[in-house]
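Pasted below: target.cif, mmCIF, C-alpha atoms.
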```
data_model
loop_
_atom_site.label_atom_id
_atom_site.label_comp_id
_atom_site.auth_asym_id
_atom_site.auth_seq_id
_atom_site.Cartn_x
_atom_site.Cartn_y
_atom_site.Cartn_z
CA MET A 31 4.79 -18.36 17.87
CA ALA A 32 2.36 -21.06 16.94
CA GLU A 33 2.84 -22.10 13.36
CA GLN A 34 -0.38 -21.79 11.44
CA MET A 35 -1.76 -22.33 8.01
CA GLY A 36 -0.63 -20.12 5.18
CA ILE A 37 -0.97 -19.60 1.48
CA LEU A 38 1.27 -18.62 -1.41
CA GLY A 39 0.34 -15.57 -3.41
CA ARG A 40 1.52 -12.78 -5.61
CA LYS A 41 1.65 -9.11 -4.76
CA VAL A 42 -0.56 -7.23 -7.20
CA GLY A 43 0.19 -3.71 -6.00
CA MET A 44 -0.95 -1.06 -3.59
CA THR A 45 -3.92 1.28 -3.48
CA ARG A 46 -5.98 2.97 -0.85
CA ILE A 47 -9.51 2.46 0.32
CA PHE A 48 -11.76 4.25 2.80
CA GLY A 49 -12.54 2.63 6.14
CA SER A 50 -15.91 2.76 7.86
CA ASP A 51 -14.76 5.74 9.92
CA GLY A 52 -13.86 7.65 6.77
CA SER A 53 -10.12 7.23 7.19
CA ALA A 54 -8.03 6.39 4.15
CA ILE A 55 -6.24 3.07 4.55
CA ALA A 56 -3.22 2.17 2.42
CA VAL A 57 -3.60 -1.46 1.42
CA THR A 58 -1.55 -4.02 -0.46
CA VAL A 59 -3.52 -6.23 -2.80
CA ILE A 60 -2.37 -9.85 -2.78
CA LYS A 61 -3.64 -12.47 -5.17
CA ALA A 62 -3.81 -15.47 -2.87
CA GLY A 63 -3.53 -18.79 -4.62
CA PRO A 64 -5.35 -20.87 -5.68
CA CYS A 65 -2.88 -23.24 -4.07
CA PRO A 66 -3.41 -27.01 -4.32
CA VAL A 67 -2.15 -29.12 -1.44
CA ILE A 68 0.52 -31.40 -2.89
CA GLN A 69 1.67 -33.31 0.17
CA ILE A 70 0.85 -33.54 3.85
CA LYS A 71 3.63 -34.36 6.25
CA THR A 72 2.83 -35.80 9.63
CA GLU A 73 4.69 -36.39 12.88
CA GLU A 74 4.65 -40.19 12.43
CA THR A 75 5.95 -40.39 8.86
CA ASP A 76 8.17 -37.31 8.54
CA GLY A 77 8.93 -36.26 12.13
CA TYR A 78 7.06 -32.96 11.82
CA ASN A 79 3.74 -31.57 10.67
CA ALA A 80 3.55 -29.56 7.46
CA VAL A 81 1.69 -29.10 4.22
CA GLN A 82 3.23 -28.56 0.82
CA ILE A 83 1.36 -26.07 -1.34
CA ALA A 84 1.98 -25.03 -4.93
CA LEU A 85 1.30 -21.97 -7.05
CA ASP A 86 1.21 -21.13 -10.77
CA GLU A 87 0.74 -23.93 -13.27
CA ALA A 88 3.77 -24.87 -15.36
CA LYS A 89 4.56 -26.92 -18.42
CA GLU A 90 6.42 -30.18 -18.07
CA LYS A 91 9.54 -28.79 -19.77
CA HIS A 92 9.87 -26.12 -17.12
CA ILE A 93 10.26 -28.36 -14.09
CA THR A 94 12.61 -31.20 -13.20
CA LYS A 95 11.66 -34.84 -13.58
CA PRO A 96 11.77 -35.60 -9.83
CA LEU A 97 9.25 -32.79 -9.28
CA VAL A 98 7.03 -34.11 -12.09
CA GLY A 99 6.85 -37.38 -10.20
CA HIS A 100 6.17 -35.59 -6.94
CA PHE A 101 3.31 -33.56 -8.44
CA ALA A 102 1.89 -36.70 -10.08
CA LYS A 103 1.20 -38.20 -6.64
CA ALA A 104 -1.19 -35.35 -5.85
CA GLY A 105 -2.68 -35.51 -9.35
CA LYS A 106 -3.42 -31.79 -9.52
CA GLY A 107 -1.12 -30.85 -12.40
CA LEU A 108 2.33 -29.31 -12.51
CA TYR A 109 3.32 -26.09 -10.77
CA ARG A 110 6.10 -23.57 -10.83
CA ASN A 111 6.36 -22.90 -7.10
CA LEU A 112 6.27 -25.43 -4.32
CA GLN A 113 6.57 -24.43 -0.69
CA GLU A 114 6.12 -26.05 2.67
CA VAL A 115 4.15 -24.55 5.55
CA ARG A 116 5.12 -25.98 8.91
CA LEU A 117 2.25 -26.54 11.29
CA GLU A 118 1.96 -26.95 15.04
CA GLY A 119 -0.58 -29.77 14.87
CA PRO A 120 -1.81 -32.15 12.19
CA ALA A 121 -3.10 -30.47 9.03
CA SER A 122 -6.84 -29.97 8.66
CA CYS A 123 -6.78 -30.23 4.85
CA ASN A 124 -6.30 -33.17 2.49
CA VAL A 125 -4.05 -33.73 -0.51
CA GLY A 126 -5.69 -32.22 -3.57
CA ASP A 127 -7.61 -29.53 -1.67
CA GLU A 128 -7.40 -26.06 -3.13
CA LEU A 129 -6.63 -23.17 -0.82
CA ASN A 130 -7.71 -19.65 -1.70
CA ALA A 131 -8.37 -16.26 -0.19
CA THR A 132 -11.26 -17.54 1.92
CA LEU A 133 -8.64 -19.02 4.26
CA PHE A 134 -8.54 -15.55 5.81
CA ALA A 135 -11.21 -13.22 7.09
CA ALA A 136 -11.33 -9.45 7.50
CA GLY A 137 -9.79 -8.49 10.84
CA ASP A 138 -7.28 -11.35 10.89
CA HIS A 139 -3.65 -10.62 11.53
CA VAL A 140 -1.11 -12.22 9.22
CA ARG A 141 2.62 -12.35 8.71
CA ILE A 142 3.90 -12.02 5.19
CA THR A 143 7.22 -13.25 3.87
CA GLY A 144 8.68 -12.12 0.58
CA GLN A 145 11.93 -11.29 -1.12
CA SER A 146 12.69 -7.58 -0.84
CA ILE A 147 13.49 -5.48 -3.89
CA GLY A 148 17.19 -5.79 -4.77
CA LYS A 149 19.13 -2.53 -4.53
CA GLY A 150 22.47 -3.87 -5.78
CA THR A 151 25.69 -2.50 -4.31
CA ALA A 152 24.69 0.36 -2.04
CA GLY A 153 26.70 2.90 -0.08
CA VAL A 154 26.49 3.37 3.68
CA MET A 155 24.03 6.27 3.47
CA LYS A 156 21.42 4.21 1.67
CA ARG A 157 22.20 0.89 3.32
CA TRP A 158 22.69 1.90 6.95
CA ASN A 159 21.28 5.45 7.09
CA PHE A 160 24.69 7.03 7.82
CA SER A 161 24.71 10.82 7.74
CA GLY A 162 27.47 11.15 5.17
CA ALA A 163 30.14 13.83 5.25
CA CYS A 164 30.20 17.58 4.68
CA SER A 165 29.09 18.90 1.33
CA SER A 166 31.56 21.78 1.64
CA HIS A 167 34.18 22.99 4.18
CA GLY A 168 36.92 21.65 1.94
CA ALA A 169 35.44 18.17 1.59
CA GLU A 170 36.44 16.54 -1.66
CA LYS A 171 35.12 13.25 -3.11
CA VAL A 172 33.94 12.08 0.31
CA HIS A 173 30.44 13.56 0.53
CA ARG A 174 28.68 10.21 0.91
CA SER A 175 31.46 8.25 2.60
CA GLY A 176 31.09 6.63 6.01
CA GLY A 177 34.23 8.09 7.57
CA SER A 178 36.52 6.15 9.89
CA ILE A 179 35.93 2.43 10.32
CA GLY A 180 37.91 1.95 13.52
CA ASN A 181 40.93 2.83 15.67
CA ASN A 182 44.71 2.38 15.32
CA THR A 183 46.95 -0.30 16.87
CA GLU A 184 44.41 -1.02 19.56
CA PRO A 185 42.45 -3.13 18.43
CA GLY A 186 44.44 -3.18 15.18
CA LYS A 187 41.58 -4.60 13.19
CA VAL A 188 38.15 -3.70 11.94
CA TRP A 189 35.45 -5.05 14.25
CA LYS A 190 33.19 -7.73 12.92
CA ASN A 191 29.77 -6.66 11.65
CA LYS A 192 31.05 -3.13 10.95
CA LYS A 193 28.41 -1.43 8.83
CA MET A 194 29.89 -0.81 5.40
CA ALA A 195 28.84 -0.50 1.78
CA GLY A 196 27.76 -3.67 0.01
CA HIS A 197 24.89 -5.61 -1.43
CA MET A 198 21.48 -4.45 -0.29
CA GLY A 199 18.03 -5.91 -0.64
CA ALA A 200 16.97 -9.09 -2.47
CA ARG A 201 16.79 -11.04 0.79
CA GLN A 202 13.94 -12.72 2.59
CA VAL A 203 11.95 -10.32 4.74
CA THR A 204 9.00 -11.12 7.00
CA VAL A 205 6.54 -8.50 8.19
CA LEU A 206 4.50 -9.41 11.26
CA ASN A 207 1.05 -8.33 12.45
CA LEU A 208 -0.39 -7.06 9.19
CA GLU A 209 -4.14 -6.61 9.39
CA VAL A 210 -6.40 -8.10 6.75
CA VAL A 211 -8.72 -5.24 5.81
CA ALA A 212 -10.93 -7.18 3.43
CA ILE A 213 -11.07 -10.31 1.33
CA ARG A 214 -12.64 -10.55 -2.11
CA PRO A 215 -13.45 -14.18 -2.88
CA GLU A 216 -14.71 -13.31 -6.38
CA ASP A 217 -11.25 -12.05 -7.37
CA ASN A 218 -9.44 -14.40 -4.97
CA VAL A 219 -7.71 -11.41 -3.48
CA ILE A 220 -6.89 -10.25 0.03
CA LEU A 221 -6.33 -6.65 1.05
CA VAL A 222 -3.71 -6.16 3.74
CA LYS A 223 -3.11 -2.92 5.60
CA GLY A 224 0.34 -1.50 4.96
CA ALA A 225 3.28 -2.47 2.83
CA VAL A 226 4.53 -5.94 1.96
CA PRO A 227 8.11 -6.85 0.97
CA GLY A 228 8.92 -7.42 -2.68
CA PRO A 229 8.13 -6.01 -6.08
CA LYS A 230 4.80 -6.17 -7.88
CA ASN A 231 4.06 -9.68 -9.04
CA GLY A 232 6.56 -10.96 -6.43
CA LEU A 233 5.96 -14.25 -4.65
CA VAL A 234 4.76 -13.86 -1.06
CA MET A 235 3.82 -16.29 1.67
CA VAL A 236 0.87 -15.16 3.78
CA ARG A 237 0.49 -16.97 7.07
CA LYS A 238 -2.09 -16.70 9.80
CA GLN A 239 -0.84 -15.84 13.26
CA MET B 153 -3.50 -4.01 -12.48
CA ASP B 154 -7.08 -4.78 -13.41
CA ILE B 155 -7.92 -5.99 -9.92
CA ILE B 156 -6.65 -2.73 -8.43
CA LYS B 157 -8.72 -0.71 -10.87
CA LYS B 158 -11.74 -2.77 -9.96
CA ILE B 159 -11.22 -2.20 -6.24
CA GLU B 160 -10.70 1.52 -6.74
CA GLN B 161 -13.78 1.77 -8.95
CA GLU B 162 -15.94 0.66 -6.03
CA HIS B 163 -14.62 3.42 -3.81
CA LEU B 164 -15.00 6.24 -6.31
CA ARG B 165 -17.83 8.73 -5.92
CA MET B 166 -19.58 9.72 -9.05
CA ASP B 167 -22.24 11.89 -7.39
CA LEU B 168 -20.10 14.99 -6.82
CA PRO B 169 -20.53 17.90 -9.24
CA THR B 170 -17.62 18.75 -11.50
CA PHE B 171 -15.81 21.84 -10.33
CA ARG B 172 -12.52 23.44 -11.21
CA SER B 173 -9.86 25.58 -9.63
CA GLY B 174 -11.20 29.06 -8.94
CA ASP B 175 -14.74 27.88 -8.28
CA ASN B 176 -16.48 28.79 -5.05
CA VAL B 177 -17.83 25.67 -3.35
CA LYS B 178 -19.62 24.66 -0.19
CA VAL B 179 -18.35 21.36 1.19
CA HIS B 180 -20.67 19.59 3.59
CA MET B 181 -18.53 17.34 5.74
CA ARG B 182 -19.89 14.78 8.17
CA ILE B 183 -18.20 15.09 11.55
CA VAL B 184 -18.47 12.36 14.17
CA GLU B 185 -17.94 13.47 17.75
CA GLY B 186 -18.27 10.45 20.01
CA GLU B 187 -21.85 9.33 19.53
CA LYS B 188 -23.13 12.45 17.78
CA GLU B 189 -22.84 13.21 14.13
CA ARG B 190 -23.21 16.62 12.55
CA ILE B 191 -22.62 18.38 9.27
CA GLN B 192 -19.96 21.03 9.01
CA VAL B 193 -19.96 23.38 6.04
CA PHE B 194 -16.74 24.78 4.65
CA GLN B 195 -17.17 27.39 1.95
CA GLY B 196 -14.32 28.82 -0.06
CA ASN B 197 -12.43 28.86 -3.32
CA VAL B 198 -10.95 25.71 -4.77
CA ILE B 199 -7.28 26.52 -5.21
CA ARG B 200 -6.04 23.11 -6.25
CA ILE B 201 -7.36 19.81 -7.52
CA SER B 202 -5.02 16.87 -7.28
CA ARG B 203 -6.32 14.39 -9.80
CA GLY B 204 -6.19 10.67 -9.34
CA THR B 205 -8.43 7.76 -8.54
CA VAL B 206 -9.18 7.14 -4.88
CA ASP B 207 -6.34 9.39 -3.77
CA ALA B 208 -7.65 12.51 -5.53
CA THR B 209 -7.93 15.56 -3.28
CA PHE B 210 -8.97 19.19 -3.57
CA THR B 211 -7.94 22.18 -1.49
CA VAL B 212 -10.43 24.86 -0.45
CA ARG B 213 -9.28 28.23 0.81
CA LYS B 214 -11.35 30.73 2.71
CA ILE B 215 -10.72 33.81 4.80
CA SER B 216 -11.96 33.27 8.32
CA ASP B 217 -11.83 36.32 10.60
CA GLY B 218 -9.08 37.80 8.49
CA VAL B 219 -7.00 34.62 8.61
CA GLY B 220 -6.58 32.47 5.54
CA VAL B 221 -7.67 28.88 6.18
CA GLU B 222 -7.07 26.01 3.78
CA ARG B 223 -8.52 22.57 4.02
CA ILE B 224 -7.64 19.56 1.90
CA PHE B 225 -10.55 17.18 1.24
CA PRO B 226 -10.21 13.67 -0.16
CA MET B 227 -12.37 13.81 -3.29
CA HIS B 228 -13.90 10.38 -2.76
CA SER B 229 -14.23 10.39 1.02
CA PRO B 230 -17.51 8.86 2.22
CA PHE B 231 -17.63 11.60 4.85
CA ILE B 232 -18.30 14.29 2.28
CA GLU B 233 -22.06 14.63 2.43
CA LYS B 234 -22.26 16.84 -0.65
CA VAL B 235 -20.42 19.55 -2.53
CA GLU B 236 -22.34 22.59 -3.74
CA LEU B 237 -21.01 24.64 -6.59
CA ILE B 238 -21.78 28.27 -5.77
CA THR B 239 -20.00 30.25 -8.50
CA GLU B 240 -17.60 29.41 -11.26
CA GLY B 241 -14.50 31.55 -11.28
CA ARG B 242 -12.47 32.92 -14.16
CA VAL B 243 -8.85 32.00 -13.51
CA ARG B 244 -5.93 31.39 -15.83
CA ARG B 245 -4.06 28.70 -13.98
CA SER B 246 -4.88 25.47 -12.19
CA ARG B 247 -3.00 26.05 -8.94
CA LEU B 248 -4.01 29.31 -7.33
CA TYR B 249 -1.20 29.56 -4.81
CA TYR B 250 -0.80 33.24 -5.64
CA LEU B 251 -3.96 33.93 -3.62
CA ARG B 252 -2.01 33.24 -0.44
CA ALA B 253 0.02 36.39 -0.94
CA LEU B 254 -2.98 38.56 -1.74
CA LYS B 255 -5.43 40.25 0.59
CA GLY B 256 -8.79 41.96 0.35
CA LYS B 257 -9.97 43.16 -3.03
CA SER B 258 -7.10 41.73 -5.03
CA ALA B 259 -7.70 38.28 -3.56
CA ARG B 260 -11.12 38.07 -5.16
CA ILE B 261 -11.73 35.74 -8.08
CA LYS B 262 -13.85 37.21 -10.87
CA PRO B 263 -16.90 35.12 -11.72
CA LYS B 264 -16.97 33.44 -15.08
CA ASN B 265 -18.85 35.12 -17.92
CA ALA B 266 -19.13 38.48 -16.13
CA TYR B 267 -19.16 40.81 -19.10
#
```

Encoded form (structure tokens):
Amino acid sequence: MAEQMGILGRKVGMTRIFGSDGSAIAVTVIKAGPCPVIQIKTEETDGYNAVQIALDEAKEKHITKPLVGHFAKAGKGLYRNLQEVRLEGPASCNVGDELNATLFAAGDHVRITGQSIGKGTAGVMKRWNFSGACSSHGAEKVHRSGGSIGNNTEPGKVWKNKKMAGHMGARQVTVLNLEVVAIRPEDNVILVKGAVPGPKNGLVMVRKQ
Amino acid sequence: MDIIKKIEQEHLRMDLPTFRSGDNVKVHMRIVEGEKERIQVFQGNVIRISRGTVDATFTVRKISDGVGVERIFPMHSPFIEKVELITEGRVRRSRLYYLRALKGKSARIKPKNAY
């Protein structure tokens, strides 16, 4: 998949709007940027092409001294989030440019990366969609258990990657092929069809594809 | 949340008359069949209004050839041409699901202010 330009943003929430054919479309509202370009990496100097973009202004006491120096080179102020977007070819923007929602257009398809909502320690029914056990027929204390996890002497172990209870969510998730329904440059907002990983106000990376 | 409210505000329809559960309404719905477009009228009693912003809906029930038919309309759909309020009904609850079990004379809703 060709690596294309992207932008950092925050998920505002979901709503629904009516399409031109009268159908109701569930959309996620994403506040896209504004993201200043902090650094441009090129094949000759760094071995690969990328741009570094930032989001959300920060005070000096909130970020480390090495980062203060790094931001000073771009001269666009200090920021809380800094992320790199790898590109196939050389970048078309310059250091100090500000990216916003106009990077996209209605009808574009994007992929969105975010950190999913953390569920904590979860049982097998929630985490792996197991069916659980009987609610009656003499079952006691095992209604939501996963049952057997393997055989006896042969193989004499539990197979690797056996689906069991454990920590769920709070990991990086990417959703591909989301359609941009509309952009609103006046609010600096893009409307994407469908759901996007993460909680409200969560950091998301929206990339063209 | 302000941005979401702003987006929803643009999709809301303020031109529909206010009606309540128990009212008899005529809903003029635009239907697109291939190239052609026509208006379909659905007349019946409002048995439920689900409040909300853009996701508000209302359910209209009518008896068609002896069979009860219910249709759920999105309140703010651009395909609703207009809603006509025919009569206001006197009912004592907001969800008139009890009408589903009734037939004939007992399934009527008395008009409001009929002394």

#### Entry: Distance-based interface of chain B with chain A, 8 Å, counting all atoms listed in the file, as a list in words
Met153, Ile155, Ile156, Glu160, His163, Val206, Asp207, Ser229, Pro230 and Phe231 of chain B

Output C-alpha atoms of each residue in that selection to a file, as a tab-separated table (two decimals), in the coordinates of the input.
```tsv
chain	number	residue	atom	x	y	z
B	153	MET	CA	-3.50	-4.01	-12.48
B	155	ILE	CA	-7.92	-5.99	-9.92
B	156	ILE	CA	-6.65	-2.73	-8.43
B	160	GLU	CA	-10.70	1.52	-6.74
B	163	HIS	CA	-14.62	3.42	-3.81
B	206	VAL	CA	-9.18	7.14	-4.88
B	207	ASP	CA	-6.34	9.39	-3.77
B	229	SER	CA	-14.23	10.39	1.02
B	230	PRO	CA	-17.51	8.86	2.22
B	231	PHE	CA	-17.63	11.60	4.85
```

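Atom to atom, CA of Lys262 in chain B and CA of Asn197 in chain B stand 11.3 Å apart.
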
### Task
Would you translate the PyMOL selection byres ((chain B and resi 237) around 9) into the concrete set of residues it matches in this file, as an MDAnalysis selection string?
chainID B and resid 169:171 175:179 235:236 238:240

Mind dumping the selected residues with C-alpha atoms as a CSV table (one decimal), keeping the file's coordinate frame?
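Writing the result to again-v6.csv gives the following:
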```csv
chain,number,residue,atom,x,y,z
B,169,PRO,CA,-20.5,17.9,-9.2
B,170,THR,CA,-17.6,18.8,-11.5
B,171,PHE,CA,-15.8,21.8,-10.3
B,175,ASP,CA,-14.7,27.9,-8.3
B,176,ASN,CA,-16.5,28.8,-5.0
B,177,VAL,CA,-17.8,25.7,-3.4
B,178,LYS,CA,-19.6,24.7,-0.2
B,179,VAL,CA,-18.4,21.4,1.2
B,235,VAL,CA,-20.4,19.6,-2.5
B,236,GLU,CA,-22.3,22.6,-3.7
B,238,ILE,CA,-21.8,28.3,-5.8
B,239,THR,CA,-20.0,30.2,-8.5
B,240,GLU,CA,-17.6,29.4,-11.3
```

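In this structure, CA of Val172 in chain A sits 23.5 Å away from CA of Lys190 in chain A.
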
### Message
Starting from the PyMOL selection byres ((chain B and resi 200) around 7), expand the selection into actual residues of this file and give them as a list in words.
### Response
Ser173, Val198, Ile199, Ile201, Ser202, Phe210, Thr211, Ser246, Arg247 and Leu248 of chain B

### Query
Exactly which residues make up the result of the PyMOL selection byres ((chain B and resi 251) around 10) on this file, given as a ChimeraX atom specification?
/B:197,199,213,220,247-250,252-255,258-261

### Task
With a distance cut-off of 10 Å and only C-alpha atoms, select the neighbouring residues of Ser146 in chain A, excluding the residue or stretch itself and same-chain residues fewer than 4 positions from it, and output the selection as a PyMOL selection string.
chain A and resi 198-204+226-229+232

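Using only C-alpha atoms, the contacts of Ile93 in chain A at a cut-off of 12 Å, with sequence neighbours closer than 5 positions omitted, comprise Glu87, Ala88, Val98, Gly99, His100, Phe101, Gly107, Leu108, Tyr109, Arg110, Asn111 and Leu112 of chain A.
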
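Proximity to Ile179 in chain A at 9 Å, evaluated using all atoms listed in the file and with sequence-adjacent residues fewer than 6 positions away removed, yields Val188, Trp189, Lys192, Lys193 and Met194 of chain A.
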
Quick one: what's the axis-aligned box for range 218-232 of chain B, all listed atoms, 8 Å on every side, centre and edges in Å to one decimal, as AutoDock Vina command-line options?
```
--center_x -12.4 --center_y 23.3 --center_z 2.7 --size_x 27.7 --size_y 44.9 --size_z 27.9
```

### Interatomic distance, CA of Ala152 in chain A to CA of His173 in chain A (Å, one decimal)
14.6 Å

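Those residues positioned at most 8 Å from (-9.8, 25.6, 5.0) are Phe194, Gly196, Thr211, Val212, Arg213, Lys214, Gly220, Val221, Glu222, Arg223 and Ile224 of chain B, judged using only C-alpha atoms.
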